[in-house]
Each structure stands twice: as C-alpha cells, then as structure tokens.
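A short write-up of the structure that comes next.
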Amino acid sequence: MASTTSWAGLWFLTRNTTFSTTNTNTSLEFSVLKPNAGSFRLFSPYSLFHNGSTSLTQRSCKCSYSAPVSTRTYEFSDTSSEVELRLNLKGLDIKSSKEILVDTSDSSLAIRALRPGLPVTLIETNRLFDRIKPSETIWYIDDDELVVNFKKQDPDLKWPDIMESWESLTAGSAQLLKGASIYLVGNSTEINYKVAQEIATGLGYTPLSTKELLETYSNQTVDSWLLAEGSDSVAEAESAILESISSHVRAAVATLGGQHGASGRPDKWRHLYAGFTVWLSQTEATDEDSAKEETRKNVKDGRLAYTNADVVVKLQGWDSAYAKNVAQACLSALKQLILSDKKLPGKKSLYIRLGCRGDWPNIKPPGWDPSSEGDRSLGTQ
C-alpha cells in the first residue's frame, strides 16, 4: 500500500434487531480494522444492547484479526455439517500427524509443522468463514496431504472457503442476502459511490447512484440544483428516486451525502429500509476506544438519521484505493448481522411487499395506515 495515503483506520458495527410486538432489542456488534503494512487487523469486538429505553449495556470479548497466512497450497470442501481442508505437505518430510500442530478456536485456525527450534507456520487465520466446534476437529496424514475436518456450528451455511476474504464473502453473500439490495449512506457522496461500485462488482449487483439518476432526470448537476432550489428540494427528489427503486433487487445503491441527501433526514428513511443500509461514517477518532465511544453516543442520542442504518462502518481518512477494503468490511458486517437473524432478508422482502410504509422494524399487519400514527411512524423507527 502506498505510504502517502491518509487512511488510518476502519471500524464496523452491525445492528441486530430482535422483533416483537412489545419492544425492539438492538444488538450492535463493533469491530475495528486497521491497515498494517498491507494487512488488516481486527480488535476487540463488542456488543451494545438497546432494550427499548435510552440505556445501553456493553458486552465485550477478546479476539484479533490479521491477514491470513498460507505458505502451502490447499484444497477445501464443504460437506454440509463439516468442512474439510487438504494441505499439501510435499517437501516437508512429514511422516506422522504427531509432527503437526493444529490449533483452533471457534473462529481461528493455525497449522504448524513441528521442527527443531521454531515451528513452521503452514496456514494461519484469525477469521474463519464462520464458526466451528474446535473440540471436534480431527486431522490425519493422507499420502502427501494433511487432512483436517472441522465441525461447523451452523450446518446450513455453505462455506466458499476456509477463510473469510473478499473472494469468499462475495461468493458466500448471495445465500445470505437472498437478493436484498444494499444502500450506502453517509456524509460523503464520493465514498458512498466508490464503495457501492466495489460491492456491485463483487456481488454481481446492479450499481445505482441516486446522484447520477437525479442529474439525468433534471438535466443539471446536483450542485446547481442546490443553488437554484435549496437542499429541501434535492432531498425530496432523492426520496422520490429511492421510492422508485425500492422494489429493485440485487442493487448496490450509492446515496447523496450530507443533509441535502434523503438519508441525512429521519423522515426520509421509509424506502431505505427496503434493503440493508450501511452507514459509511467518517471519524476523527484515533484509537479503538474513542471510536467505540463516538459510536455509542451516536446510537444513544439518536439525533443522526444515519443511526437508522443496519451496519455502521467507521473510517478515518479516505483514499479511493481502499474502497474494496471498506466494501469487504461492509460485507463482513452484513454477514454477521444476517447470521444473527436469518429471517432478516425475508422481513425486508415482506416490508417491500407491504408497500414500504415506514413501519420498520416492527412491521404492522396488512391494512395498517401509516397516517394513523402520525409522523412518528414514518422512517423514525
């Protein structure tokens, strides 16, 4: 990576909403990713729970994430309840499985060849594609290959690869998203656009830009529109665009940044809820703790419309060369969110079929009239 970049760090947060008729519980998964000599590291995920009041509680756990290491070629297969890794051992003169150390946790893997002095790392990752049952891991030598079998915690999830990566996330997201569109929101129109383009390319989604659609419709730039008619007019027009594309599937939508965009206004969210929303939040936080605190304050006071998003990705500095890295963080966070509640894509689909009435996440029965509960019901949940 270029040493001149202003990029300093990236954090992501996922919102896990539990639906009920009486209250809404929100779990916020927070992780921090930082480029480090061409790699990313993930520190100290934690969850915040909102129980329907203004109080927030914290649950933390320790883990780390660094770029995966693989010094040997391997083959991978998924057999429903198990996944199998075959690691090429040619040239290592390994005759017994006792010469191999396999170290696992529910989300990490390290395989090392035991040699006089320091062991030789053959493969290592702190982020498996999903969780395993480490106590049920078995391994053996088959000719020139080490065969390792892992028991999956979620047998229904198909693993594209042993590790989470851009390639495995883009290959594995289709089974989770089930066609649901992704909306990128935040203060920067440019960042929203760049990241949406990467997500669309990776997933095979249709890339859409509300800025481009508005300018095509009006035959003028958004800047000139703002000067001529003001931000309210632009936000209203973008809201109409969002309504027109809300029934689209498999789209990655870049929205306008700032207060002249619909996503910056709490009363304009009813059609954004049709897909999974990712808030790309620029921050001046220089460390994990301050980024956590900033996020907790944003969610707790609820004054920013962007806190309605399903996923928050916080980044310090910006360089378009890192758009794919941010897109990877978005897909990773969305994966965690959906795995925590696999009914979410179906609920998004139901929300669209009922007309995007603004009743997200507590979807009302058919026939419910949004006007019956006044402005409070429109895009503010």
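Chain identifiers are assigned as A, B, and so on, following the order in which chains appear in the structure tokens; residues are numbered from 1 within each chain, and ligands are numbered from 1 in order of appearance.
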**OP:** Taking the DSSP assignment computed from this structure's backbone, write out as a PyMOL selection string all residues of segment 130-313 of chain A that belong to strand (DSSP E).
**Re:** chain A and resi 138-142+145-151+182-185+206-209+251-254+276-282+311-313
Which residues of segment 157-224 of chain A come within 12 Å of segment 100-109 of chain A, and what is each one's closest atom pair and distance in Å (one decimal), counting only C-alpha atoms, sorted by chain and residue number, as CSV?
```
residue,atom,partner,partner_atom,distance
A:Ile162,CA,A:Leu109,CA,9.3
A:Met163,CA,A:Ser108,CA,8.9
A:Glu164,CA,A:Ser107,CA,10.0
```
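Nearest residue to Leu89 of chain A, choosing from A:Val147, A:Glu124, A:Thr206, A:Thr307 and counting only C-alpha atoms: A:Val147.
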Original post:
Any idea what the distance is between atom CA of Asp310 of chain A and atom CA of Trp279 of chain A?
Top reply: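 Atom-to-atom, atom CA of Asp310 of chain A and atom CA of Trp279 of chain A are spaced 7.8 Å apart.
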Contacts of segment 168-175 of chain A at 7 Å or less, counting only C-alpha atoms, minus same-chain residues fewer than 3 places along, as a CSV table (one decimal) with N, CA, C and O atoms, in the first residue's frame?
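Final file, result_13.csv:
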```csv
chain,number,residue,atom,x,y,z
A,159,TRP,N,-19.9,-22.8,3.1
A,159,TRP,CA,-18.6,-22.1,3.1
A,159,TRP,C,-18.0,-22.1,1.7
A,159,TRP,O,-17.7,-23.2,1.2
A,160,PRO,N,-17.7,-21.0,1.2
A,160,PRO,CA,-17.0,-21.0,-0.1
A,160,PRO,C,-15.5,-21.3,0.1
A,160,PRO,O,-14.8,-21.7,-0.9
A,161,ASP,N,-15.0,-21.0,1.3
A,161,ASP,CA,-13.5,-21.2,1.5
A,161,ASP,C,-13.4,-21.3,3.0
A,161,ASP,O,-14.3,-21.0,3.8
A,164,GLU,N,-12.3,-16.2,5.8
A,164,GLU,CA,-13.1,-15.0,5.3
A,164,GLU,C,-12.2,-14.1,4.5
A,164,GLU,O,-11.1,-13.7,5.0
A,165,SER,N,-12.6,-13.8,3.3
A,165,SER,CA,-11.8,-12.9,2.5
A,165,SER,C,-12.7,-12.2,1.5
A,165,SER,O,-13.9,-12.5,1.5
A,178,LYS,N,-30.1,-13.1,-0.2
A,178,LYS,CA,-31.3,-13.5,-0.9
A,178,LYS,C,-31.8,-12.5,-1.8
A,178,LYS,O,-33.0,-12.3,-1.9
A,179,GLY,N,-30.9,-11.7,-2.5
A,179,GLY,CA,-31.3,-10.7,-3.4
A,179,GLY,C,-31.6,-9.3,-2.9
A,179,GLY,O,-31.9,-8.4,-3.6
A,202,GLY,N,-18.4,-7.0,-6.9
A,202,GLY,CA,-18.1,-8.2,-6.2
A,202,GLY,C,-19.3,-9.2,-6.2
A,202,GLY,O,-19.1,-10.4,-6.3
A,203,LEU,N,-20.5,-8.6,-6.0
A,203,LEU,CA,-21.7,-9.5,-5.8
A,203,LEU,C,-22.4,-9.7,-7.1
A,203,LEU,O,-23.4,-10.5,-7.2
A,331,LEU,N,-19.4,-6.1,3.8
A,331,LEU,CA,-20.0,-7.4,3.6
A,331,LEU,C,-19.7,-8.3,4.8
A,331,LEU,O,-20.6,-9.2,5.1
A,332,SER,N,-18.6,-8.2,5.5
A,332,SER,CA,-18.3,-8.9,6.7
A,332,SER,C,-19.3,-8.6,7.8
A,332,SER,O,-19.9,-9.5,8.4
```
If we count only C-alpha atoms and set the cut-off at 7 Å, which residues sit around Thr121 of chain A, ignoring sequence neighbours fewer than 3 positions away in its own chain? Please answer as a compact mmCIF listing (two decimals) with N, CA and C atoms, in the first residue's frame.
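Listed below is the output, result08.txt:
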```txt
# COMPACT_ATOMS: atom_id res chain seq x y z
N ILE A 111 -2.05 -23.87 11.69
CA ILE A 111 -1.45 -25.18 11.46
C ILE A 111 0.05 -24.99 11.31
N ARG A 112 0.81 -25.72 12.13
CA ARG A 112 2.27 -25.57 12.11
C ARG A 112 2.93 -26.95 12.07
N ALA A 113 4.04 -27.00 11.33
CA ALA A 113 4.88 -28.19 11.31
C ALA A 113 5.91 -28.06 12.42
```
**OP:** Pick out the residues sitting within 8 Å of Ser209 of chain A, and hand them over as a PyMOL selection string; count only C-alpha atoms, and ignore anything fewer than 5 positions along from it in its own chain.
**Re:** chain A and resi 193+253-255
Original post:
Could you pull the residues within 12 Å of segment 142-146 of chain A, counting only C-alpha atoms, minus those fewer than 2 positions along the same chain, as a PyMOL selection string?
Top reply: chain A and resi 72-76+84-102+111-113+122-123+138-140+148-149
Subject >> Residues near Leu354 of chain A, cut-off 12 Å, only C-alpha atoms, skip fewer than 6 positions along chain, as a PyMOL selection string >> reply: chain A and resi 246-247+270-271+274+347-348+360+363-370
Using N, CA and C atoms, can you write the selected residues to a file as a PDB file, in the first residue's frame?
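Result went into again-v2.pdb, see below:
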```
ATOM      1  N   SER A 246     -37.071   1.159  -4.773  1.00  0.00           N
ATOM      2  CA  SER A 246     -37.161   0.373  -3.535  1.00  0.00           C
ATOM      3  C   SER A 246     -37.568  -1.070  -3.781  1.00  0.00           C
ATOM      4  N   SER A 247     -38.241  -1.343  -4.877  1.00  0.00           N
ATOM      5  CA  SER A 247     -38.649  -2.723  -5.164  1.00  0.00           C
ATOM      6  C   SER A 247     -37.596  -3.474  -5.968  1.00  0.00           C
ATOM      7  N   ARG A 270     -38.171   5.733   4.921  1.00  0.00           N
ATOM      8  CA  ARG A 270     -39.108   4.629   4.756  1.00  0.00           C
ATOM      9  C   ARG A 270     -38.750   3.715   3.588  1.00  0.00           C
ATOM     10  N   HIS A 271     -38.162   4.265   2.505  1.00  0.00           N
ATOM     11  CA  HIS A 271     -37.793   3.426   1.366  1.00  0.00           C
ATOM     12  C   HIS A 271     -36.360   2.910   1.465  1.00  0.00           C
ATOM     13  N   ALA A 274     -35.995  -0.702   2.709  1.00  0.00           N
ATOM     14  CA  ALA A 274     -36.285  -1.799   1.783  1.00  0.00           C
ATOM     15  C   ALA A 274     -35.080  -2.715   1.588  1.00  0.00           C
ATOM     16  N   LYS A 347     -37.793 -10.566   6.024  1.00  0.00           N
ATOM     17  CA  LYS A 347     -38.537  -9.437   6.579  1.00  0.00           C
ATOM     18  C   LYS A 347     -38.395  -8.199   5.705  1.00  0.00           C
ATOM     19  N   LYS A 348     -37.207  -8.022   5.105  1.00  0.00           N
ATOM     20  CA  LYS A 348     -37.030  -6.922   4.151  1.00  0.00           C
ATOM     21  C   LYS A 348     -37.975  -7.102   2.963  1.00  0.00           C
ATOM     22  N   TRP A 360     -40.694  -0.113   9.873  1.00  0.00           N
ATOM     23  CA  TRP A 360     -39.539  -0.958  10.162  1.00  0.00           C
ATOM     24  C   TRP A 360     -38.926  -0.531  11.501  1.00  0.00           C
ATOM     25  N   ILE A 363     -42.971  -4.459  11.852  1.00  0.00           N
ATOM     26  CA  ILE A 363     -43.881  -4.445  10.718  1.00  0.00           C
ATOM     27  C   ILE A 363     -45.312  -4.700  11.171  1.00  0.00           C
ATOM     28  N   LYS A 364     -46.198  -3.796  10.764  1.00  0.00           N
ATOM     29  CA  LYS A 364     -47.611  -3.889  11.149  1.00  0.00           C
ATOM     30  C   LYS A 364     -48.369  -4.813  10.184  1.00  0.00           C
ATOM     31  N   PRO A 365     -49.545  -5.255  10.570  1.00  0.00           N
ATOM     32  CA  PRO A 365     -50.335  -6.150   9.710  1.00  0.00           C
ATOM     33  C   PRO A 365     -50.762  -5.450   8.420  1.00  0.00           C
ATOM     34  N   PRO A 366     -51.125  -6.232   7.391  1.00  0.00           N
ATOM     35  CA  PRO A 366     -51.663  -5.640   6.156  1.00  0.00           C
ATOM     36  C   PRO A 366     -52.881  -4.774   6.475  1.00  0.00           C
ATOM     37  N   GLY A 367     -52.986  -3.660   5.774  1.00  0.00           N
ATOM     38  CA  GLY A 367     -54.091  -2.738   6.008  1.00  0.00           C
ATOM     39  C   GLY A 367     -53.765  -1.626   6.969  1.00  0.00           C
ATOM     40  N   TRP A 368     -52.607  -1.724   7.643  1.00  0.00           N
ATOM     41  CA  TRP A 368     -52.212  -0.663   8.573  1.00  0.00           C
ATOM     42  C   TRP A 368     -51.990   0.625   7.810  1.00  0.00           C
ATOM     43  N   ASP A 369     -52.456   1.725   8.348  1.00  0.00           N
ATOM     44  CA  ASP A 369     -52.346   3.042   7.712  1.00  0.00           C
ATOM     45  C   ASP A 369     -51.282   3.856   8.441  1.00  0.00           C
ATOM     46  N   PRO A 370     -50.180   4.202   7.758  1.00  0.00           N
ATOM     47  CA  PRO A 370     -49.129   4.989   8.419  1.00  0.00           C
ATOM     48  C   PRO A 370     -49.629   6.294   9.010  1.00  0.00           C
TER      49      PRO A 370
END
```
